[in-house]
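Engineer: Below is structure_23.cif; it holds mmCIF, C-alpha atoms.
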data_protein
#
loop_
_atom_site.label_atom_id
_atom_site.label_comp_id
_atom_site.auth_asym_id
_atom_site.auth_seq_id
_atom_site.Cartn_x
_atom_site.Cartn_y
_atom_site.Cartn_z
CA MET A 1 -16.91 6.75 6.40
CA VAL A 2 -16.88 4.72 9.56
CA LYS A 3 -16.76 7.00 12.53
CA PRO A 4 -15.52 5.27 15.65
CA THR A 5 -17.75 5.61 18.67
CA ARG A 6 -16.56 7.80 21.53
CA VAL A 7 -18.35 5.56 23.99
CA THR A 8 -15.96 3.48 26.07
CA ASN A 9 -16.85 0.61 28.35
CA ASP A 10 -15.60 -1.59 31.17
CA ILE A 11 -17.39 -4.75 30.11
CA ARG A 12 -14.19 -6.78 29.98
CA SER A 13 -13.16 -5.96 33.54
CA LEU A 14 -16.74 -6.37 34.75
CA ARG A 15 -16.85 -9.84 33.24
CA PHE A 16 -13.68 -10.84 35.07
CA ARG A 17 -15.02 -9.43 38.32
CA HIS A 18 -18.18 -11.49 37.88
CA GLY A 19 -16.72 -14.95 38.11
CA GLU A 20 -14.67 -14.66 34.94
CA MET A 21 -17.83 -14.61 32.87
CA THR A 22 -17.04 -15.53 29.27
CA GLN A 23 -18.08 -13.50 26.25
CA ALA A 24 -20.23 -16.45 25.23
CA ASP A 25 -22.02 -16.43 28.61
CA LEU A 26 -22.70 -12.70 28.36
CA ALA A 27 -23.85 -13.06 24.76
CA LYS A 28 -26.26 -15.81 25.79
CA ARG A 29 -27.72 -13.67 28.57
CA LEU A 30 -28.16 -10.73 26.21
CA GLY A 31 -29.53 -12.80 23.34
CA VAL A 32 -26.82 -11.73 20.88
CA THR A 33 -23.90 -13.43 19.18
CA ARG A 34 -20.47 -13.64 20.82
CA GLN A 35 -19.13 -11.54 17.95
CA THR A 36 -21.47 -8.71 18.96
CA VAL A 37 -20.19 -8.79 22.55
CA ILE A 38 -16.62 -8.65 21.19
CA ALA A 39 -17.56 -5.70 18.94
CA ILE A 40 -19.10 -3.83 21.88
CA GLU A 41 -16.09 -4.51 24.12
CA GLN A 42 -13.72 -3.25 21.43
CA GLY A 43 -15.80 -0.14 20.76
CA ARG A 44 -16.68 -1.22 17.23
CA TYR A 45 -20.39 -1.24 17.96
CA SER A 46 -22.51 0.99 20.14
CA PRO A 47 -25.35 -1.02 21.60
CA SER A 48 -28.85 0.39 21.80
CA LEU A 49 -29.87 2.08 25.02
CA GLU A 50 -32.00 -0.93 25.84
CA MET A 51 -29.11 -3.35 25.42
CA ALA A 52 -26.85 -1.05 27.42
CA PHE A 53 -29.31 -1.29 30.33
CA GLN A 54 -29.48 -5.05 29.89
CA ILE A 55 -25.67 -5.27 30.12
CA ALA A 56 -25.64 -3.11 33.26
CA ARG A 57 -28.37 -5.31 34.76
CA VAL A 58 -26.38 -8.49 34.08
CA PHE A 59 -23.54 -7.06 36.19
CA GLY A 60 -25.88 -5.45 38.72
CA VAL A 61 -24.31 -2.02 38.36
CA PRO A 62 -25.51 1.40 37.16
CA LEU A 63 -25.15 2.25 33.49
CA ASP A 64 -22.33 4.71 34.22
CA ASP A 65 -20.22 1.90 35.65
CA VAL A 66 -20.39 0.07 32.34
CA PHE A 67 -20.31 2.84 29.73
CA GLN A 68 -18.51 6.16 29.76
CA TYR A 69 -18.79 9.07 27.36
CA PRO A 70 -15.98 11.65 27.46
CA ASP A 71 -17.00 15.24 28.04
CA PRO A 72 -15.98 17.20 24.91
CA ASN A 73 -15.28 20.29 27.09
CA SER A 74 -12.76 18.41 29.19
CA ASP A 75 -10.97 17.36 25.97
CA GLN A 76 -10.66 20.99 24.87
CA GLN A 77 -9.46 22.06 28.30
CA GLY A 78 -6.93 19.24 28.29
CA ALA A 79 -5.66 20.26 24.86
CA ALA A 80 -5.43 23.93 25.87
CA SER A 81 -3.47 23.27 29.07
CA MET B 1 -16.79 -15.00 12.38
CA SER B 2 -20.56 -14.95 12.73
CA TYR B 3 -22.96 -16.91 10.54
CA GLU B 4 -24.16 -13.71 8.85
CA GLU B 5 -20.63 -12.47 8.13
CA LYS B 6 -19.73 -15.81 6.57
CA GLY B 7 -22.85 -15.55 4.43
CA THR B 8 -21.75 -12.11 3.28
CA TRP B 9 -18.35 -13.46 2.23
CA VAL B 10 -20.03 -16.24 0.26
CA PHE B 11 -22.39 -13.73 -1.41
CA LEU B 12 -19.45 -11.50 -2.41
CA VAL B 13 -17.35 -14.33 -3.84
CA VAL B 14 -20.32 -15.81 -5.72
CA ALA B 15 -21.36 -12.42 -7.17
CA ILE B 16 -17.85 -11.73 -8.51
CA THR B 17 -17.31 -15.29 -9.76
CA GLY B 18 -20.74 -15.44 -11.43
CA TYR B 19 -20.14 -12.21 -13.30
CA GLY B 20 -16.61 -13.31 -14.17
CA VAL B 21 -17.98 -16.50 -15.73
CA TYR B 22 -20.56 -14.46 -17.67
CA LEU B 23 -17.87 -12.13 -19.03
CA ALA B 24 -15.70 -15.11 -19.94
CA LEU B 25 -18.58 -16.48 -22.02
CA VAL B 26 -19.67 -13.24 -23.69
CA LEU B 27 -16.53 -11.13 -24.16
CA PRO B 28 -14.80 -13.62 -26.52
CA GLN B 29 -17.84 -13.37 -28.82
CA LEU B 30 -17.52 -9.58 -28.93
CA ALA B 31 -13.76 -9.81 -29.38
CA ALA B 32 -14.28 -12.19 -32.31
CA GLY B 33 -16.35 -9.50 -34.02
CA THR B 34 -19.74 -11.22 -33.68
CA ALA B 35 -22.58 -8.85 -34.51
CA ILE B 36 -24.47 -7.67 -31.43
CA ASP B 37 -27.66 -9.30 -32.77
CA ASP B 38 -25.91 -12.66 -32.86
CA VAL B 39 -24.14 -12.51 -29.48
CA ASP B 40 -25.46 -15.28 -27.26
CA TYR B 41 -25.80 -13.40 -23.97
CA ALA B 42 -29.28 -14.23 -22.64
CA GLY B 43 -28.45 -17.88 -21.95
CA PRO B 44 -25.17 -17.16 -20.15
CA MET B 45 -26.82 -14.35 -18.20
CA LEU B 46 -29.71 -16.51 -16.99
CA TRP B 47 -27.43 -19.45 -16.25
CA THR B 48 -24.92 -17.38 -14.27
CA ILE B 49 -27.73 -15.67 -12.28
CA GLY B 50 -29.34 -19.05 -11.53
CA GLY B 51 -25.96 -20.63 -10.92
CA ALA B 52 -25.00 -17.86 -8.48
CA ILE B 53 -28.13 -18.48 -6.41
CA VAL B 54 -27.42 -22.22 -6.25
CA ALA B 55 -23.70 -21.64 -5.59
CA ALA B 56 -24.49 -19.25 -2.72
CA ILE B 57 -26.73 -21.86 -1.07
CA ILE B 58 -24.19 -24.65 -1.55
CA GLY B 59 -21.31 -22.38 -0.47
CA ARG B 60 -23.07 -21.48 2.73
CA ILE B 61 -23.82 -25.12 3.53
CA VAL B 62 -20.24 -26.18 2.82
CA LEU B 63 -18.83 -23.34 4.93
CA GLU B 64 -21.05 -24.36 7.83
CA ILE B 65 -19.85 -27.94 7.57
CA VAL B 66 -16.20 -26.86 7.47
CA SER B 67 -16.52 -24.12 10.08
CA PRO B 68 -19.78 -24.39 12.06
CA SER B 69 -21.19 -21.16 13.55
CA GLU B 70 -22.10 -20.89 17.22
CA THR B 71 -25.58 -19.67 16.29
CA ARG B 72 -27.42 -19.16 13.02
CA SER B 73 -29.95 -16.57 14.09
CA PRO B 74 -29.06 -12.94 13.33
CA ASP B 75 -28.96 -10.53 16.25
CA VAL B 76 -29.57 -6.78 16.47
CA ARG B 77 -26.07 -5.93 15.16
CA ASP B 78 -26.45 -8.28 12.19
CA ARG B 79 -29.78 -6.66 11.32
CA GLU B 80 -28.31 -3.17 11.62
CA ILE B 81 -25.39 -4.08 9.35
CA ASP B 82 -27.81 -5.74 6.94
CA ARG B 83 -29.87 -2.54 6.68
CA LEU B 84 -26.73 -0.48 6.13
CA GLY B 85 -25.60 -2.80 3.32
CA ASP B 86 -29.03 -2.78 1.70
CA ARG B 87 -29.07 1.01 1.70
CA VAL B 88 -25.78 1.11 -0.20
CA GLY B 89 -26.71 -1.76 -2.53
CA ASN B 90 -30.13 -0.34 -3.39
CA SER B 91 -28.55 2.80 -4.79
CA PHE B 92 -26.98 0.75 -7.58
CA VAL B 93 -30.24 -1.03 -8.34
CA VAL B 94 -31.78 2.42 -8.87
CA ILE B 95 -28.79 3.50 -10.99
CA GLY B 96 -29.28 0.32 -13.08
CA ALA B 97 -32.96 1.09 -13.58
CA LEU B 98 -32.21 4.67 -14.59
CA ALA B 99 -29.45 3.50 -16.94
CA ALA B 100 -31.86 1.04 -18.58
CA LEU B 101 -34.46 3.79 -18.89
CA ALA B 102 -32.01 6.17 -20.52
CA LEU B 103 -30.65 3.51 -22.88
CA ALA B 104 -34.19 2.47 -23.90
CA MET B 105 -35.09 6.09 -24.64
CA LEU B 106 -31.96 6.39 -26.76
CA GLN B 107 -33.05 3.19 -28.54
CA VAL B 108 -29.77 1.49 -27.78
CA HIS B 109 -29.63 -2.23 -28.59
CA TRP B 110 -31.26 -4.37 -25.91
CA PHE B 111 -27.95 -6.23 -25.48
CA TRP B 112 -26.53 -3.10 -23.84
CA ILE B 113 -29.69 -2.47 -21.82
CA ALA B 114 -29.63 -6.00 -20.39
CA ASN B 115 -25.92 -5.75 -19.67
CA ALA B 116 -26.22 -2.36 -17.99
CA VAL B 117 -28.90 -3.77 -15.67
CA TYR B 118 -26.87 -6.92 -14.97
CA LEU B 119 -23.71 -4.92 -14.27
CA CYS B 120 -25.57 -2.72 -11.80
CA PHE B 121 -27.03 -5.80 -10.08
CA VAL B 122 -23.50 -7.16 -9.67
CA LEU B 123 -22.11 -3.80 -8.49
CA SER B 124 -24.99 -3.59 -6.03
CA ALA B 125 -24.18 -7.06 -4.67
CA VAL B 126 -20.44 -6.31 -4.45
CA LEU B 127 -20.86 -2.92 -2.81
CA LEU B 128 -23.44 -4.07 -0.28
CA SER B 129 -21.21 -7.02 0.63
CA ILE B 130 -18.13 -4.83 1.04
CA THR B 131 -20.09 -2.29 3.10
CA LYS B 132 -21.30 -5.06 5.38
CA LEU B 133 -17.85 -6.63 5.72
CA VAL B 134 -16.28 -3.26 6.57
CA ALA B 135 -19.01 -2.74 9.18
CA TYR B 136 -18.34 -6.20 10.64
CA ARG B 137 -14.57 -5.64 10.74
CA LYS B 138 -14.15 -1.91 11.41
CA GLY B 139 -17.38 -1.09 13.17
CA VAL B 140 -20.89 0.13 12.48
CA PRO B 141 -20.75 3.84 11.66
CA THR B 142 -22.40 6.22 14.09
CA TRP B 143 -23.72 9.30 12.37
#
Mind turning the file's structure into structure tokens?

Structural biologist:
Amino acid sequence: MVKPTRVTNDIRSLRFRHGEMTQADLAKRLGVTRQTVIAIEQGRYSPSLEMAFQIARVFGVPLDDVFQYPDPNSDQQGAAS
Amino acid sequence: MSYEEKGTWVFLVVAITGYGVYLALVLPQLAAGTAIDDVDYAGPMLWTIGGAIVAAIIGRIVLEIVSPSETRSPDVRDREIDRLGDRVGNSFVVIGALAALALAMLQVHWFWIANAVYLCFVLSAVLLSITKLVAYRKGVPTW
């Protein structure tokens, strides 16, 4: 079955902070379709590590500013408290 | 909807329609009590397979005219989804081959052997298309 990715991202807000870059513009710079950018933004597709770095480079920020991965330990602690 | 996703929809519709036409041509003969030796199935099978290929090409062209895609070249996600679909679809091609092998060993009439293979081809096409469409809509699974 389809297992949703736990990776989250801030691509949408980064696009708006970079001159309201459109999904089409970002797709063009990454060499992918606009549908792929939409899928990444919505967490329906985890890009490869290489593409993740390319996205971060487009916005001129470190990878951690674009993608986040929740710490499973913090989830357990949160559920326990 | 991307060019590749549209193509998958066309493939799915054509596969189901093609097999539906085949059944519509062959089943009435069986229902009428025609002996298996006399059932005209080879012609309809070849025509519906050939027709499905032509219909898929025409369908894709028509869909592009009606709703043009932004780009026609597949990207990394399209290729990943394509591989996922092929993996699912190939399993039914293997099942079809094994079914044909078993039926041949049991000396079952070639009508049933040909139909078992054809059915598995169609199931392969349907399942790979559905797998791909689910991946396009719900997301590519991460194992």

Engineer: What residues in chain A have any atom no more than 12 Å from chain B when counting all atoms listed in the file, and can you write them as a PyMOL selection string?

Structural biologist: chain A and resi 1-7+24+27-28+30-48+50-51

Engineer: Would you mind reading off the distance between CA of Thr131 (chain B) and CA of Ile81 (chain B), one decimal, in Å?

Structural biologist: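 CA of Ile81 (chain B) lies 8.4 Å from CA of Thr131 (chain B).
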
Engineer: Rounded to one decimal in Å, what is the spacing between CA of Leu123 (chain B) and CA of Arg87 (chain B)?

Structural biologist: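 Separating CA of Leu123 (chain B) from CA of Arg87 (chain B) is a distance of 13.2 Å.
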
Engineer: Rounded to one decimal in Å, what is the spacing between CA of Val126 (chain B) and CA of Val10 (chain B)?

Structural biologist: 11.0 Å

Engineer: Hey, which of A:Phe67, A:Val58, A:Ala52, A:Pro72 ends up closest to Arg15 (chain A)? Count all atoms listed in the file.

Structural biologist: A:Val58

Engineer: Dump as a Markdown table the rows for residues of region 49-136 of chain B within 10 Å of region 12-31 of chain B: closest atom pair and distance in Å with one decimal, only C-alpha atoms counted, ordered by chain and rising residue number.

Structural biologist:
| residue | atom | partner | partner_atom | distance |
| --- | --- | --- | --- | --- |
| B:Ile49 | CA | B:Gly18 | CA | 7.0 |
| B:Gly50 | CA | B:Gly18 | CA | 9.3 |
| B:Gly51 | CA | B:Gly18 | CA | 7.4 |
| B:Ala52 | CA | B:Gly18 | CA | 5.7 |
| B:Ile53 | CA | B:Val14 | CA | 8.3 |
| B:Val54 | CA | B:Val14 | CA | 9.6 |
| B:Ala55 | CA | B:Val14 | CA | 6.7 |
| B:Ala56 | CA | B:Val14 | CA | 6.2 |
| B:Ile57 | CA | B:Val14 | CA | 10.0 |
| B:Gly59 | CA | B:Val14 | CA | 8.5 |
| B:Tyr118 | CA | B:Tyr19 | CA | 8.7 |
| B:Leu119 | CA | B:Tyr19 | CA | 8.2 |
| B:Phe121 | CA | B:Ala15 | CA | 9.2 |
| B:Val122 | CA | B:Ala15 | CA | 6.2 |
| B:Leu123 | CA | B:Ala15 | CA | 8.8 |
| B:Ser124 | CA | B:Ala15 | CA | 9.6 |
| B:Ala125 | CA | B:Ala15 | CA | 6.6 |
| B:Val126 | CA | B:Leu12 | CA | 5.7 |
| B:Leu127 | CA | B:Leu12 | CA | 8.7 |
| B:Leu128 | CA | B:Leu12 | CA | 8.7 |
| B:Ser129 | CA | B:Leu12 | CA | 5.7 |
| B:Ile130 | CA | B:Leu12 | CA | 7.6 |
| B:Leu133 | CA | B:Leu12 | CA | 9.6 |

Engineer: Show me, as AutoDock Vina command-line options, the centre and edge lengths in Å to one decimal of the axis-aligned box that covers every listed atom of region 45-52 of chain A with 8 Å on each side.

Structural biologist:
--center_x -26.2 --center_y -0.6 --center_z 22.7 --size_x 27.6 --size_y 21.4 --size_z 25.5

Engineer: List as number ranges by chain the protein and nucleic acid residues near Arg17 (chain A), meaning an atom at most 12 Å away when all atoms listed in the file are counted, but skip any in the same chain fewer than 4 places from it.

Structural biologist: A: 10-13, 21-22, 59-61

Engineer: If you count only C-alpha atoms, which residues fall within 12 Å of Trp112 (chain B), apart from same-chain ones fewer than 2 positions away, as a PyMOL selection string?

Structural biologist: chain B and resi 36-37+39+41-42+96+99-104+106-110+114-119
